[in-house]
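Down below is the structure, laid out as structure tokens.
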Amino acid sequence: MTPVHRFSSGPTLNRRSLLRYSALAGAALGGTGLLAACGGDATDSSGGSTPDGSKYGTVAIQLSWLKNIEFAGEYFADSRGYFKEAGFGSVDLIAGGAASTSVEAGLDTGKIWLGLSAPQTTARAVLEGLPAKIVATTYQKNPFAIVSSAAKPIKTPEDMKGRKIGVQDTNQLIFHALLAANGMKPGDVTIVPAQFDPSPLANGEVDGWVSYVTNEPITLTAKGFANTHFLFADYNLPLVAETLTVKQATIDKEREMLKAFLVAEIKGWKDAVADPAESARLAVEVYGKDQKLDLAEQTKEAVAQNDLVISPDTAANGLLTMTDSLIEQNITALRSAELAITADQLFDLSVLREVYAENPGLKA
């Protein structure tokens, strides 16, 4: 995860998570009061009573970053009452960020019931002993990209050879995975340690910059810097992102509750995809109001985000789904990041498939 981006007008929120789970889990376990925000009010799927009288009570959901446009589907699900319709008294959307503990640490300590994370982060935690699974994914494509000047474009990994690339510390692993996946070595490029403000790219100090496709290309353009980019996902590193992760016990013991939550999520994301302008308004004026986001910029990011959320596969199978082929592609990509894990260890899409089998209208 990254600090607040400082290049654009207003604090553009730019996050990428490759922080070690174990370190964050240790910090979480050593802290105090972490259980106060957990989903402890929630019942099991047998439907027992809760303090607020709802079927499932209150649950805590940790977002992968601060409250910006990335979580538009969750905003719709909350603001339009889909979570309440599903049986939840309330759903506490907890902002992530550089200063927060990881989703995986939150799951481990019981602070949260579900979190939005990424395969490379969850895989590391699972390999270190966390009994957790990815049950759905918001982004079909990972937003990681290399952005460069339109005057001196870098359009493929091969184009990076001999060039200076700004790489943030937390993104070193995935950048090296990109190189390995394309038959390249670190010595083929000049890796320049970077922070999170892309001014060095605009100033010509580097030729390329590790970025989010929904962030830097848009903010740089807004500042008058013509640019181009390529996605890691289009060059042998097809990781998904904004993955919905829960503990194995949730799948085993709270399956109906999890299914109810996923129904609300799907409804929320259908609305978000259909209305980028309202997605941006909810981010700027309601859920992320304290972030002082720019409405025009967030609207552009919402439109760009749709290209990551929808695909031919989601058109056929429904939002948040992953095909078996995409799962295997992710497992292969993780190996490039030196994370040797199996599909069965990391993913369980059976709950989501049940949701669509029981609610076929959700695909429409």
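In the structure tokens, the first chain shown is A, the next is B, and so on; residue numbers restart at 1 for each chain, and ligands run from 1 in the order shown.
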
Closest-contact table, region 169-273 of chain A side, partner region 117-126 of chain A, 9 Å, counting only C-alpha atoms, as JSON lines:
```
{"residue": "A:Ile174", "atom": "CA", "partner": "A:Gln120", "partner_atom": "CA", "distance": 8.5}
{"residue": "A:Leu239", "atom": "CA", "partner": "A:Pro119", "partner_atom": "CA", "distance": 7.1}
{"residue": "A:Val240", "atom": "CA", "partner": "A:Pro119", "partner_atom": "CA", "distance": 7.0}
{"residue": "A:Ala241", "atom": "CA", "partner": "A:Ala118", "partner_atom": "CA", "distance": 5.0}
{"residue": "A:Glu242", "atom": "CA", "partner": "A:Ser117", "partner_atom": "CA", "distance": 5.2}
{"residue": "A:Thr243", "atom": "CA", "partner": "A:Ser117", "partner_atom": "CA", "distance": 5.1}
{"residue": "A:Leu244", "atom": "CA", "partner": "A:Ser117", "partner_atom": "CA", "distance": 6.6}
{"residue": "A:Thr245", "atom": "CA", "partner": "A:Ser117", "partner_atom": "CA", "distance": 6.8}
```

Could those residues be written to a file, using N, CA, C and O atoms, as a tab-separated table (two decimals), in the first residue's frame?
```tsv
chain	number	residue	atom	x	y	z
A	174	ILE	N	6.56	-7.17	-7.42
A	174	ILE	CA	5.72	-7.38	-8.59
A	174	ILE	C	6.41	-6.88	-9.86
A	174	ILE	O	6.22	-7.42	-10.95
A	239	LEU	N	-2.64	-10.99	-12.92
A	239	LEU	CA	-3.21	-11.07	-11.58
A	239	LEU	C	-4.51	-10.26	-11.50
A	239	LEU	O	-4.61	-9.18	-12.09
A	240	VAL	N	-5.47	-10.78	-10.77
A	240	VAL	CA	-6.68	-10.01	-10.50
A	240	VAL	C	-6.39	-9.07	-9.32
A	240	VAL	O	-5.29	-9.07	-8.77
A	241	ALA	N	-7.37	-8.28	-8.94
A	241	ALA	CA	-7.17	-7.33	-7.84
A	241	ALA	C	-8.49	-7.02	-7.15
A	241	ALA	O	-9.55	-7.32	-7.66
A	242	GLU	N	-8.38	-6.38	-5.99
A	242	GLU	CA	-9.54	-6.10	-5.14
A	242	GLU	C	-10.30	-7.40	-4.89
A	242	GLU	O	-11.50	-7.51	-5.10
A	243	THR	N	-9.56	-8.40	-4.42
A	243	THR	CA	-10.14	-9.71	-4.15
A	243	THR	C	-10.83	-9.74	-2.80
A	243	THR	O	-10.34	-9.16	-1.83
A	244	LEU	N	-11.96	-10.42	-2.73
A	244	LEU	CA	-12.72	-10.55	-1.49
A	244	LEU	C	-12.20	-11.79	-0.75
A	244	LEU	O	-12.30	-12.91	-1.27
A	245	THR	N	-11.65	-11.56	0.42
A	245	THR	CA	-10.96	-12.60	1.17
A	245	THR	C	-11.61	-12.81	2.53
A	245	THR	O	-11.93	-11.85	3.23
```

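Contact shell of region 283-288 of chain A at 6 Å (only C-alpha atoms; same-chain neighbours under 5 positions omitted): Lys67, Asn68, Ile69 and Leu293 of chain A.
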
If you run DSSP on the backbone, which residues of region 24-271 of chain A are alpha helix (DSSP H), as an MDAnalysis selection string? chainID A and resid 24:30 72:79 82:85 103:109 119:127 172:181 199:202 216:222 248:253 255:271

Write a file of the selected residues as a tab-separated table (two decimals), in the first residue's frame, keeping C-alpha atoms.
```
chain	number	residue	atom	x	y	z
A	24	LEU	CA	1.74	-6.52	9.90
A	25	ALA	CA	0.15	-9.45	11.68
A	26	GLY	CA	2.74	-9.17	14.40
A	27	ALA	CA	1.96	-5.49	14.81
A	28	ALA	CA	-1.75	-6.24	14.92
A	29	LEU	CA	-1.37	-8.96	17.49
A	30	GLY	CA	0.70	-6.66	19.65
A	72	ALA	CA	-17.94	2.34	-5.51
A	73	GLY	CA	-19.75	-1.00	-5.43
A	74	GLU	CA	-19.55	-1.12	-1.65
A	75	TYR	CA	-20.87	2.46	-1.46
A	76	PHE	CA	-23.89	1.58	-3.59
A	77	ALA	CA	-24.56	-1.61	-1.63
A	78	ASP	CA	-24.55	0.41	1.58
A	79	SER	CA	-26.34	3.58	0.42
A	82	TYR	CA	-28.60	-3.85	-0.35
A	83	PHE	CA	-26.66	-4.91	2.73
A	84	LYS	CA	-29.73	-4.41	4.92
A	85	GLU	CA	-31.91	-6.29	2.43
A	103	VAL	CA	-6.53	-7.32	5.54
A	104	GLU	CA	-4.85	-10.62	6.30
A	105	ALA	CA	-3.74	-9.42	9.74
A	106	GLY	CA	-7.27	-8.17	10.40
A	107	LEU	CA	-8.72	-11.56	9.51
A	108	ASP	CA	-6.17	-13.32	11.67
A	109	THR	CA	-6.97	-11.25	14.76
A	119	PRO	CA	-3.65	-12.53	-4.66
A	120	GLN	CA	0.04	-11.80	-4.06
A	121	THR	CA	-0.67	-10.53	-0.54
A	122	THR	CA	-3.13	-13.25	0.45
A	123	ALA	CA	-0.94	-15.99	-1.05
A	124	ARG	CA	1.98	-14.95	1.14
A	125	ALA	CA	-0.25	-14.98	4.23
A	126	VAL	CA	-1.68	-18.40	3.40
A	127	LEU	CA	1.79	-19.82	2.87
A	172	GLN	CA	9.75	-4.18	-6.23
A	173	LEU	CA	8.45	-7.76	-6.00
A	174	ILE	CA	5.72	-7.38	-8.59
A	175	PHE	CA	8.02	-5.39	-10.92
A	176	HIS	CA	10.62	-8.15	-10.76
A	177	ALA	CA	7.81	-10.63	-11.44
A	178	LEU	CA	6.92	-8.63	-14.57
A	179	LEU	CA	10.52	-8.85	-15.75
A	180	ALA	CA	10.74	-12.59	-15.07
A	181	ALA	CA	7.41	-13.28	-16.76
A	199	SER	CA	6.98	14.15	-10.68
A	200	PRO	CA	10.33	12.48	-11.58
A	201	LEU	CA	8.64	11.07	-14.68
A	202	ALA	CA	7.14	14.41	-15.63
A	216	GLU	CA	-1.20	8.27	-12.63
A	217	PRO	CA	-2.13	8.28	-16.33
A	218	ILE	CA	-5.19	10.33	-15.45
A	219	THR	CA	-3.53	12.70	-12.97
A	220	LEU	CA	-0.52	13.26	-15.24
A	221	THR	CA	-2.81	14.07	-18.16
A	222	ALA	CA	-4.72	16.51	-15.97
A	248	GLN	CA	-11.87	-20.64	5.90
A	249	ALA	CA	-14.17	-20.80	8.93
A	250	THR	CA	-16.47	-18.25	7.30
A	251	ILE	CA	-16.87	-20.48	4.26
A	252	ASP	CA	-17.42	-23.54	6.41
A	253	LYS	CA	-19.65	-22.12	9.15
A	255	ARG	CA	-21.84	-19.94	4.16
A	256	GLU	CA	-25.39	-18.55	3.90
A	257	MET	CA	-24.28	-15.29	5.48
A	258	LEU	CA	-21.41	-15.02	3.02
A	259	LYS	CA	-23.76	-15.72	0.12
A	260	ALA	CA	-26.10	-12.98	1.32
A	261	PHE	CA	-23.20	-10.56	1.46
A	262	LEU	CA	-22.09	-11.46	-2.07
A	263	VAL	CA	-25.61	-10.87	-3.41
A	264	ALA	CA	-25.49	-7.33	-2.00
A	265	GLU	CA	-21.99	-6.81	-3.41
A	266	ILE	CA	-23.04	-7.88	-6.89
A	267	LYS	CA	-26.02	-5.52	-6.82
A	268	GLY	CA	-23.78	-2.68	-5.67
A	269	TRP	CA	-21.20	-3.25	-8.38
A	270	LYS	CA	-23.84	-3.56	-11.08
A	271	ASP	CA	-25.02	-0.08	-10.08
```

Using only C-alpha atoms, determine which residues lie at most 12 Å from Asn330 (chain A), disregarding the query and same-chain residues fewer than 5 positions distant; provide the list as a PyMOL selection string. chain A and resi 118-120+123+134+137+140-142+233+236-241+322-325+335-337+339-343+346-347

Using N, CA, C and O atoms, can you export the residues from the last selection as a compact mmCIF listing (two decimals), in the first residue's frame?
```txt
# COMPACT_ATOMS: atom_id res chain seq x y z
N ALA A 118 -5.37 -8.66 -2.40
CA ALA A 118 -4.80 -9.00 -3.70
C ALA A 118 -4.19 -10.39 -3.61
O ALA A 118 -3.74 -10.80 -2.54
N PRO A 119 -4.16 -11.15 -4.72
CA PRO A 119 -3.65 -12.53 -4.66
C PRO A 119 -2.23 -12.63 -4.11
O PRO A 119 -1.94 -13.54 -3.32
N GLN A 120 -1.35 -11.70 -4.51
CA GLN A 120 0.04 -11.80 -4.06
C GLN A 120 0.18 -11.57 -2.56
O GLN A 120 1.08 -12.12 -1.91
N ALA A 123 -1.73 -14.77 -0.85
CA ALA A 123 -0.94 -15.99 -1.05
C ALA A 123 0.19 -16.06 -0.04
O ALA A 123 0.44 -17.12 0.57
N ILE A 134 -9.66 -16.60 -1.12
CA ILE A 134 -10.27 -15.59 -1.98
C ILE A 134 -11.56 -16.19 -2.53
O ILE A 134 -11.54 -17.27 -3.13
N THR A 137 -13.61 -11.66 -6.91
CA THR A 137 -12.70 -10.57 -7.25
C THR A 137 -13.45 -9.45 -7.95
O THR A 137 -14.28 -9.69 -8.83
N GLN A 140 -11.08 -7.83 -12.74
CA GLN A 140 -10.64 -8.96 -13.55
C GLN A 140 -9.19 -8.80 -14.00
O GLN A 140 -8.51 -9.78 -14.29
N LYS A 141 -8.74 -7.57 -14.07
CA LYS A 141 -7.37 -7.26 -14.42
C LYS A 141 -6.74 -6.42 -13.32
O LYS A 141 -7.38 -5.54 -12.76
N ASN A 142 -5.46 -6.69 -13.06
CA ASN A 142 -4.73 -5.87 -12.09
C ASN A 142 -4.44 -4.51 -12.70
O ASN A 142 -4.04 -4.42 -13.86
N ALA A 233 -0.96 -6.86 -16.72
CA ALA A 233 -1.88 -7.97 -17.00
C ALA A 233 -1.86 -8.38 -18.47
O ALA A 233 -2.21 -9.51 -18.80
N ASN A 236 1.78 -11.18 -19.56
CA ASN A 236 2.13 -12.40 -18.83
C ASN A 236 2.06 -12.29 -17.32
O ASN A 236 2.60 -13.15 -16.62
N LEU A 237 1.38 -11.28 -16.79
CA LEU A 237 1.21 -11.19 -15.34
C LEU A 237 -0.25 -10.83 -15.04
O LEU A 237 -0.56 -9.76 -14.51
N PRO A 238 -1.16 -11.75 -15.36
CA PRO A 238 -2.60 -11.46 -15.30
C PRO A 238 -3.22 -11.62 -13.92
O PRO A 238 -4.21 -12.34 -13.74
N LEU A 239 -2.64 -10.99 -12.92
CA LEU A 239 -3.21 -11.07 -11.58
C LEU A 239 -4.51 -10.26 -11.50
O LEU A 239 -4.61 -9.18 -12.09
N VAL A 240 -5.47 -10.78 -10.77
CA VAL A 240 -6.68 -10.01 -10.50
C VAL A 240 -6.39 -9.07 -9.32
O VAL A 240 -5.29 -9.07 -8.77
N ALA A 241 -7.37 -8.28 -8.94
CA ALA A 241 -7.17 -7.33 -7.84
C ALA A 241 -8.49 -7.02 -7.15
O ALA A 241 -9.55 -7.32 -7.66
N MET A 322 -14.53 -15.54 -11.30
CA MET A 322 -13.26 -15.90 -11.94
C MET A 322 -13.44 -17.25 -12.63
O MET A 322 -13.97 -18.18 -12.02
N THR A 323 -13.02 -17.35 -13.86
CA THR A 323 -13.05 -18.64 -14.53
C THR A 323 -11.91 -19.51 -14.01
O THR A 323 -10.93 -19.01 -13.44
N ASP A 324 -12.02 -20.81 -14.24
CA ASP A 324 -10.94 -21.72 -13.85
C ASP A 324 -9.65 -21.33 -14.58
O ASP A 324 -8.55 -21.41 -14.00
N SER A 325 -9.79 -20.90 -15.83
CA SER A 325 -8.61 -20.49 -16.60
C SER A 325 -7.93 -19.28 -15.98
O SER A 325 -6.69 -19.23 -15.87
N ARG A 335 3.77 -17.63 -9.30
CA ARG A 335 5.06 -18.32 -9.35
C ARG A 335 6.15 -17.37 -9.85
O ARG A 335 7.30 -17.46 -9.41
N SER A 336 5.80 -16.47 -10.76
CA SER A 336 6.77 -15.48 -11.23
C SER A 336 7.19 -14.54 -10.11
O SER A 336 8.28 -13.97 -10.16
N ALA A 337 6.31 -14.39 -9.13
CA ALA A 337 6.62 -13.57 -7.95
C ALA A 337 7.19 -14.41 -6.82
O ALA A 337 7.23 -13.97 -5.66
N LEU A 339 5.99 -17.09 -5.42
CA LEU A 339 4.98 -17.54 -4.46
C LEU A 339 4.39 -18.83 -5.00
O LEU A 339 3.50 -18.82 -5.85
N ALA A 340 4.88 -19.96 -4.52
CA ALA A 340 4.45 -21.27 -5.00
C ALA A 340 3.25 -21.73 -4.20
O ALA A 340 3.37 -22.19 -3.06
N ILE A 341 2.06 -21.58 -4.78
CA ILE A 341 0.82 -21.93 -4.10
C ILE A 341 -0.11 -22.57 -5.12
O ILE A 341 0.00 -22.30 -6.32
N THR A 342 -1.02 -23.43 -4.66
CA THR A 342 -1.96 -24.08 -5.56
C THR A 342 -3.29 -23.32 -5.57
O THR A 342 -3.59 -22.55 -4.65
N ALA A 343 -4.08 -23.59 -6.60
CA ALA A 343 -5.38 -22.94 -6.72
C ALA A 343 -6.27 -23.28 -5.53
O ALA A 343 -6.97 -22.42 -4.99
N LEU A 346 -5.60 -21.22 -2.40
CA LEU A 346 -5.83 -19.78 -2.42
C LEU A 346 -7.25 -19.37 -2.77
O LEU A 346 -7.74 -18.36 -2.27
N PHE A 347 -7.91 -20.12 -3.64
CA PHE A 347 -9.21 -19.71 -4.16
C PHE A 347 -10.31 -20.70 -3.80
O PHE A 347 -10.09 -21.91 -3.77
```

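With only C-alpha atoms as the atoms that count, the residue of A:Val147, A:Gly208, A:Ala194, A:Tyr356 with the shortest distance to Lys161 (chain A) is A:Gly208.
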
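Among the candidates A:Lys292, A:Pro157, A:Asp169, A:Pro312, the one nearest to Gly183 (chain A) when counting only C-alpha atoms is A:Pro157.
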
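Neighbouring residues of Thr190 (chain A) at 8 Å or closer, counting only C-alpha atoms and skipping chain neighbours under 4 positions away, are A:Gly162, A:Arg163, A:Lys164, A:Ile165, A:Pro186.
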
Export of prior selection with N, CA and C atoms as a PDB file, in the first residue's frame:
```
ATOM      1  N   GLY A 162      17.268  -0.916 -21.055  1.00  0.00           N
ATOM      2  CA  GLY A 162      18.160   0.227 -21.118  1.00  0.00           C
ATOM      3  C   GLY A 162      17.545   1.524 -20.637  1.00  0.00           C
ATOM      4  N   ARG A 163      16.320   1.478 -20.134  1.00  0.00           N
ATOM      5  CA  ARG A 163      15.634   2.697 -19.697  1.00  0.00           C
ATOM      6  C   ARG A 163      15.599   2.758 -18.174  1.00  0.00           C
ATOM      7  N   LYS A 164      15.354   3.961 -17.646  1.00  0.00           N
ATOM      8  CA  LYS A 164      15.237   4.178 -16.210  1.00  0.00           C
ATOM      9  C   LYS A 164      13.767   4.051 -15.805  1.00  0.00           C
ATOM     10  N   ILE A 165      13.499   3.163 -14.833  1.00  0.00           N
ATOM     11  CA  ILE A 165      12.127   2.924 -14.398  1.00  0.00           C
ATOM     12  C   ILE A 165      12.015   3.223 -12.909  1.00  0.00           C
ATOM     13  N   PRO A 186      16.669  -8.092 -13.959  1.00  0.00           N
ATOM     14  CA  PRO A 186      16.756  -6.736 -13.396  1.00  0.00           C
ATOM     15  C   PRO A 186      17.834  -5.888 -14.051  1.00  0.00           C
TER      16      PRO A 186
END
```

Return as a ChimeraX atom specification the full set of residues in region 32-243 of chain A whose backbone-based DSSP assignment is strand (DSSP E or B). /A:57-62,88-94,114-117,132-139,144-149,164-168,190-194,208-212,227-231,241-243

Residues within 9 Å of Lys152 (chain A), please, as a PyMOL selection string. Count only C-alpha atoms; anything in the same chain fewer than 3 positions from it doesn't count. chain A and resi 148-149+207+227

Export of the given selection (all heavy atoms) as a short mmCIF file (atom, residue, chain, number, x, y, z; two decimals), in the first residue's frame:
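Final output, saved to out-v3.cif:
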```cif
data_model
loop_
_atom_site.label_atom_id
_atom_site.label_comp_id
_atom_site.auth_asym_id
_atom_site.auth_seq_id
_atom_site.Cartn_x
_atom_site.Cartn_y
_atom_site.Cartn_z
N SER A 148 4.55 6.14 -19.16
CA SER A 148 5.73 6.82 -19.72
C SER A 148 5.28 8.02 -20.53
O SER A 148 4.10 8.20 -20.81
CB SER A 148 6.53 5.86 -20.60
OG SER A 148 5.72 5.35 -21.66
N SER A 149 6.24 8.84 -20.92
CA SER A 149 5.95 10.02 -21.73
C SER A 149 5.50 9.60 -23.12
O SER A 149 6.07 8.69 -23.73
CB SER A 149 7.21 10.89 -21.83
OG SER A 149 7.05 11.87 -22.83
N ASP A 207 12.36 7.27 -17.22
CA ASP A 207 11.64 7.05 -18.48
C ASP A 207 10.29 6.38 -18.28
O ASP A 207 9.40 6.51 -19.13
CB ASP A 207 12.49 6.19 -19.42
CG ASP A 207 13.84 6.80 -19.70
OD1 ASP A 207 13.87 7.93 -20.21
OD2 ASP A 207 14.87 6.14 -19.40
N ASN A 227 0.94 11.17 -21.92
CA ASN A 227 1.57 9.92 -21.53
C ASN A 227 0.92 8.72 -22.19
O ASN A 227 -0.17 8.81 -22.77
CB ASN A 227 1.55 9.77 -20.00
CG ASN A 227 0.13 9.72 -19.44
OD1 ASN A 227 -0.49 8.67 -19.41
ND2 ASN A 227 -0.38 10.88 -19.00
#
```

Could you name the residues that touch Gly89 (chain A) at 7 Å or less, counting only C-alpha atoms, but leaving out those on the same chain fewer than 3 positions away, as an MDAnalysis selection string? chainID A and resid 52 54 56:58 84

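Of the residues under consideration (A:Phe196, A:Phe230, A:Tyr212, A:Tyr235), A:Tyr212 shows the shortest atom-to-atom contact distance to Glu70 (chain A) when counting only C-alpha atoms.
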
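Distance check against Asp344 (chain A) using only C-alpha atoms: of A:Ala277, A:Val135, A:Ala60, A:Ile191, the minimum falls on A:Val135.
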
I'd like the neighbourhood of region 302-311 of chain A as a list in words, where a residue qualifies if any of its atoms comes within 6 Å (using only C-alpha atoms), though same-chain residues fewer than 4 positions away should be ignored. Thr138, Tyr139, Gln140, Lys141, Thr214, Val273 and Pro276 of chain A

How would the residues just picked look written out with all heavy atoms as a PDB file, in the first residue's frame?
```
ATOM      1  N   THR A 138     -13.173  -8.229  -7.559  1.00  0.00           N
ATOM      2  CA  THR A 138     -13.800  -7.077  -8.208  1.00  0.00           C
ATOM      3  C   THR A 138     -13.145  -6.788  -9.545  1.00  0.00           C
ATOM      4  O   THR A 138     -13.825  -6.648 -10.565  1.00  0.00           O
ATOM      5  CB  THR A 138     -13.698  -5.830  -7.310  1.00  0.00           C
ATOM      6  OG1 THR A 138     -14.181  -6.138  -6.007  1.00  0.00           O
ATOM      7  CG2 THR A 138     -14.524  -4.689  -7.894  1.00  0.00           C
ATOM      8  N   TYR A 139     -11.816  -6.691  -9.553  1.00  0.00           N
ATOM      9  CA  TYR A 139     -11.090  -6.397 -10.789  1.00  0.00           C
ATOM     10  C   TYR A 139     -10.693  -7.691 -11.483  1.00  0.00           C
ATOM     11  O   TYR A 139      -9.999  -8.524 -10.911  1.00  0.00           O
ATOM     12  CB  TYR A 139      -9.813  -5.607 -10.482  1.00  0.00           C
ATOM     13  CG  TYR A 139      -9.986  -4.168 -10.079  1.00  0.00           C
ATOM     14  CD1 TYR A 139      -8.885  -3.416  -9.684  1.00  0.00           C
ATOM     15  CD2 TYR A 139     -11.229  -3.552 -10.076  1.00  0.00           C
ATOM     16  CE1 TYR A 139      -9.007  -2.090  -9.312  1.00  0.00           C
ATOM     17  CE2 TYR A 139     -11.362  -2.229  -9.687  1.00  0.00           C
ATOM     18  CZ  TYR A 139     -10.256  -1.498  -9.306  1.00  0.00           C
ATOM     19  OH  TYR A 139     -10.384  -0.183  -8.935  1.00  0.00           O
ATOM     20  N   GLN A 140     -11.075  -7.833 -12.744  1.00  0.00           N
ATOM     21  CA  GLN A 140     -10.642  -8.962 -13.555  1.00  0.00           C
ATOM     22  C   GLN A 140      -9.188  -8.796 -13.999  1.00  0.00           C
ATOM     23  O   GLN A 140      -8.509  -9.779 -14.286  1.00  0.00           O
ATOM     24  CB  GLN A 140     -11.532  -9.094 -14.792  1.00  0.00           C
ATOM     25  CG  GLN A 140     -12.973  -9.432 -14.479  1.00  0.00           C
ATOM     26  CD  GLN A 140     -13.133 -10.862 -13.981  1.00  0.00           C
ATOM     27  OE1 GLN A 140     -12.777 -11.806 -14.679  1.00  0.00           O
ATOM     28  NE2 GLN A 140     -13.653 -11.026 -12.780  1.00  0.00           N
ATOM     29  N   LYS A 141      -8.745  -7.570 -14.073  1.00  0.00           N
ATOM     30  CA  LYS A 141      -7.367  -7.257 -14.423  1.00  0.00           C
ATOM     31  C   LYS A 141      -6.741  -6.423 -13.323  1.00  0.00           C
ATOM     32  O   LYS A 141      -7.384  -5.540 -12.759  1.00  0.00           O
ATOM     33  CB  LYS A 141      -7.287  -6.464 -15.739  1.00  0.00           C
ATOM     34  CG  LYS A 141      -7.357  -7.278 -16.996  1.00  0.00           C
ATOM     35  CD  LYS A 141      -7.067  -6.381 -18.199  1.00  0.00           C
ATOM     36  CE  LYS A 141      -6.942  -7.178 -19.481  1.00  0.00           C
ATOM     37  NZ  LYS A 141      -6.574  -6.305 -20.620  1.00  0.00           N
ATOM     38  N   THR A 214      -5.582   3.372 -13.267  1.00  0.00           N
ATOM     39  CA  THR A 214      -6.702   4.255 -12.909  1.00  0.00           C
ATOM     40  C   THR A 214      -6.247   5.501 -12.167  1.00  0.00           C
ATOM     41  O   THR A 214      -7.092   6.277 -11.713  1.00  0.00           O
ATOM     42  CB  THR A 214      -7.715   3.493 -12.038  1.00  0.00           C
ATOM     43  OG1 THR A 214      -7.030   2.924 -10.918  1.00  0.00           O
ATOM     44  CG2 THR A 214      -8.395   2.392 -12.821  1.00  0.00           C
ATOM     45  N   VAL A 273     -21.018   0.100 -12.029  1.00  0.00           N
ATOM     46  CA  VAL A 273     -20.621  -0.003 -13.433  1.00  0.00           C
ATOM     47  C   VAL A 273     -21.562   0.809 -14.318  1.00  0.00           C
ATOM     48  O   VAL A 273     -21.125   1.472 -15.277  1.00  0.00           O
ATOM     49  CB  VAL A 273     -20.602  -1.482 -13.871  1.00  0.00           C
ATOM     50  CG1 VAL A 273     -20.524  -1.602 -15.387  1.00  0.00           C
ATOM     51  CG2 VAL A 273     -19.429  -2.209 -13.218  1.00  0.00           C
ATOM     52  N   PRO A 276     -21.025   5.653 -13.512  1.00  0.00           N
ATOM     53  CA  PRO A 276     -19.749   6.179 -13.016  1.00  0.00           C
ATOM     54  C   PRO A 276     -19.877   7.542 -12.348  1.00  0.00           C
ATOM     55  O   PRO A 276     -19.156   7.826 -11.387  1.00  0.00           O
ATOM     56  CB  PRO A 276     -18.885   6.259 -14.280  1.00  0.00           C
ATOM     57  CG  PRO A 276     -19.468   5.242 -15.202  1.00  0.00           C
ATOM     58  CD  PRO A 276     -20.942   5.288 -14.939  1.00  0.00           C
TER      59      PRO A 276
END
```

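Between CA of Ala274 (chain A) and CA of Asn359 (chain A) there is a distance of 19.7 Å.
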
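If you look at CA of Leu326 (chain A) and CA of Val355 (chain A), they are 19.4 Å away from each other.
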